[in-house]
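Undergrad: Provided herewith is a single structure, encoded as structure tokens, for subsequent inquiry.
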Amino acid sequence: MLIVYAIAALGLIGLLFGLMLAAAAKVFYVEIDPRVEAVSELVPGANCGACGFAGCMKFSEAVVNGEAEPGDCIPAGEETVAEIARVLGKEVSASGSPIATLFCIGDSYKTADTYIYDGVEDCKVAGEMYGGFKACSYGCLGLGNCVRVCPFDAIEMGAHGLPVVDKVKCTGCGLCASACPRDLIKMLPAGDEGHLVLCASQDRGKTVSRACEVGCIACKACVKACPEEAIEMNDKLAVIDLEKCTDCGECVAKCPPGTIHPRSAIPTAEEAAARAAEKEKESA
Amino acid sequence: METLLSIIFIYIFVENFVLQRFFGICPFLGVSRKMETAVGMSMAVIFVMTLATLVTWLLYTYVLVPFGLTYLQIVTFILVIASLVQLVETVLRKISPTLYQGLGIFLPLITTNCAVLAVTLLAIRQEFSLVESIVFSIAAAIGFALALIIMAGIRERLEMAEIPEVLQGSAVTLITAGILSIAFMGFQGMLTL
């Protein structure tokens, strides 16, 4: 008899709560725009925040409400953006996603260390210890803040102590650029065209050449060599205007330390590792 | 009044739910990685614990006791907590989207938080009155929040520390929790009901 009571009582309470929940679901029903759900299923869902909203769900809501454009989702890629636009019945302005590029080639063979750093693996912390352990106070410290922040595994630390960006995996979200305490990563338009001065040092030429084999020494040879007048001096650093650059390569030949490289020559992870291994063999 | 004050002190410090009674260890370790999530979880627990205790106390006193069904206590309380959390979520979503966003994912997570069940059961076992029960549940929840927030603060600092490889990850977290618990044992015997 006891068990009947127990089952009955529990069943009754359960039924009561069930009915209450059912009623609440009806009374307090909140309409969700089905388009928001459709968009949130399309976006990559990495919650990288490159769009400026707090996560993919918020972005989806903003797009549906017209507060954001489908193209604002930078990692989505053209196909997904077009897909999102189709859901909303909108036009898209197409453009490839930008690519993260490191403006420093002073790896551990080319730039001297001033002391042995044995602290926390963090570029920001290391950079604040007497201006960093690298002789160049503008150069990449190679402790991988950018590697850790990348939600797409597109950056890895190369064997030579500089991070390498995988151009295929990079979605252009820009998290690495803001994670770099020395602002060495810049987001460049998609593509392989153009040459770059891969240095960020604003030091005097003499200081640079003492610290690093491949830093820009502000000699202005490239500025004079460029037939398109695409190179300008930004204080003590040469800067190439990618829109004017025609890839003629005159500047590369004239640059004494070899700071200028075509964008297509920026090494992939495998190439960087192979080059480091070669160096290793030479020194051994 | 004196009883109420001592209930508050005892269940925040002396009998801290996480560090002395060892309830709710799962969220304590799970969501204490970041201060932001720890605060979110704490708020949700305070909210749900108070509400759950109120409802279960009434249910126990006016339904289970008169019908002689007190042996169904645990089962009914689980049922109450689960449906209550669901109900609160549905209602909040409509009435206060801001609060709903703030509590976020933590609200449904609490359904399976044993600390909530413990509060409701202990309120009955200690034979608290309704007012005492509610004060007790708020104090217990604040104690939970305190432990969670202290832990989150420590863990955020640990991120920057250099930890020997064998101790990295959950090992150092568990050691930290243990030391915290030992520290809270200092309150032991300070006050009893």
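Chain identifiers are assigned as A, B, and so on, following the order in which chains appear in the structure tokens; residues are numbered from 1 within each chain, and ligands are numbered from 1 in order of appearance.
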Could you give me, as CSV, a per-residue list for chain B showing, wherever an atom lies at most 7 Å from an atom of chain A, the closest pair of atoms and their distance in Å to one decimal, using only C-alpha atoms and sorting by chain then residue number from low to high?
TA:
residue,atom,partner,partner_atom,distance
B:Thr76,CA,A:Leu10,CA,6.8
B:Ser83,CA,A:Phe17,CA,6.5
B:Leu87,CA,A:Leu21,CA,5.9
B:Thr90,CA,A:Ala25,CA,6.4
B:Val91,CA,A:Phe28,CA,5.9
B:Lys94,CA,A:Phe28,CA,5.6
B:Met160,CA,A:Val120,CA,6.9
B:Glu162,CA,A:Val120,CA,6.4
Undergrad: Can you pull out every residue within 8 Å of B:Gly153, counting only C-alpha atoms, but drop anything in the same chain fewer than 3 positions away, and send it as number ranges by chain?
TA: B: 34-35, 149-150, 156-157
Undergrad: Between B:Leu4, B:Met185, B:Ala177, B:Leu58, single out the one closest to B:Ile154, counting only C-alpha atoms.
TA: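 Residue with the minimum atom-to-atom distance to B:Ile154: B:Ala177.
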Undergrad: Taking into account only C-alpha atoms, which residue in the set A:Glu61, A:Glu213, A:Asp235, A:Glu229 is nearest to A:Pro256?
TA: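 Looking only at the distances to A:Pro256, the closest residue turns out to be A:Glu213.
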Undergrad: When DSSP is applied to the backbone of this structure, which of stretch 27-166 of chain B are assigned helix (DSSP H, G or I)? Write them out as a VMD selection string.
TA: chain B and resid 27 to 30 35 to 64 70 to 95 97 to 103 106 to 110 114 to 125 130 to 158 165 to 166
Undergrad: Could you name the residues that touch A:Gly249 at 8 Å or less, counting only C-alpha atoms, but leaving out those on the same chain fewer than 3 positions away, as a list in words?
TA: His195, Val252, Ala253 and Pro262 of chain A
Undergrad: Using only all heavy atoms, please write the residues we just selected to a file, as a compact mmCIF listing (two decimals), in the first residue's frame.
TA:
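Done, and the output landed in result-v3.txt:
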# COMPACT_ATOMS: atom_id res chain seq x y z
N HIS A 195 55.95 44.00 -52.32
CA HIS A 195 57.11 43.75 -51.49
C HIS A 195 56.91 44.44 -50.14
O HIS A 195 56.13 45.37 -50.03
CB HIS A 195 58.38 44.32 -52.17
CG HIS A 195 58.90 43.42 -53.25
ND1 HIS A 195 58.12 43.02 -54.30
CD2 HIS A 195 60.12 42.87 -53.43
CE1 HIS A 195 58.85 42.24 -55.10
NE2 HIS A 195 60.07 42.13 -54.60
N VAL A 252 64.87 45.21 -53.67
CA VAL A 252 65.47 44.03 -53.03
C VAL A 252 66.97 43.99 -53.33
O VAL A 252 67.79 43.75 -52.44
CB VAL A 252 64.79 42.73 -53.54
CG1 VAL A 252 65.43 41.51 -52.90
CG2 VAL A 252 63.31 42.77 -53.26
N ALA A 253 67.32 44.27 -54.58
CA ALA A 253 68.72 44.23 -54.98
C ALA A 253 69.53 45.32 -54.30
O ALA A 253 70.71 45.14 -54.00
CB ALA A 253 68.82 44.38 -56.50
N PRO A 262 59.78 39.99 -51.16
CA PRO A 262 58.45 39.94 -51.77
C PRO A 262 57.51 39.18 -50.85
O PRO A 262 57.95 38.30 -50.11
CB PRO A 262 58.69 39.17 -53.08
CG PRO A 262 59.97 38.45 -52.89
CD PRO A 262 60.78 39.23 -51.91
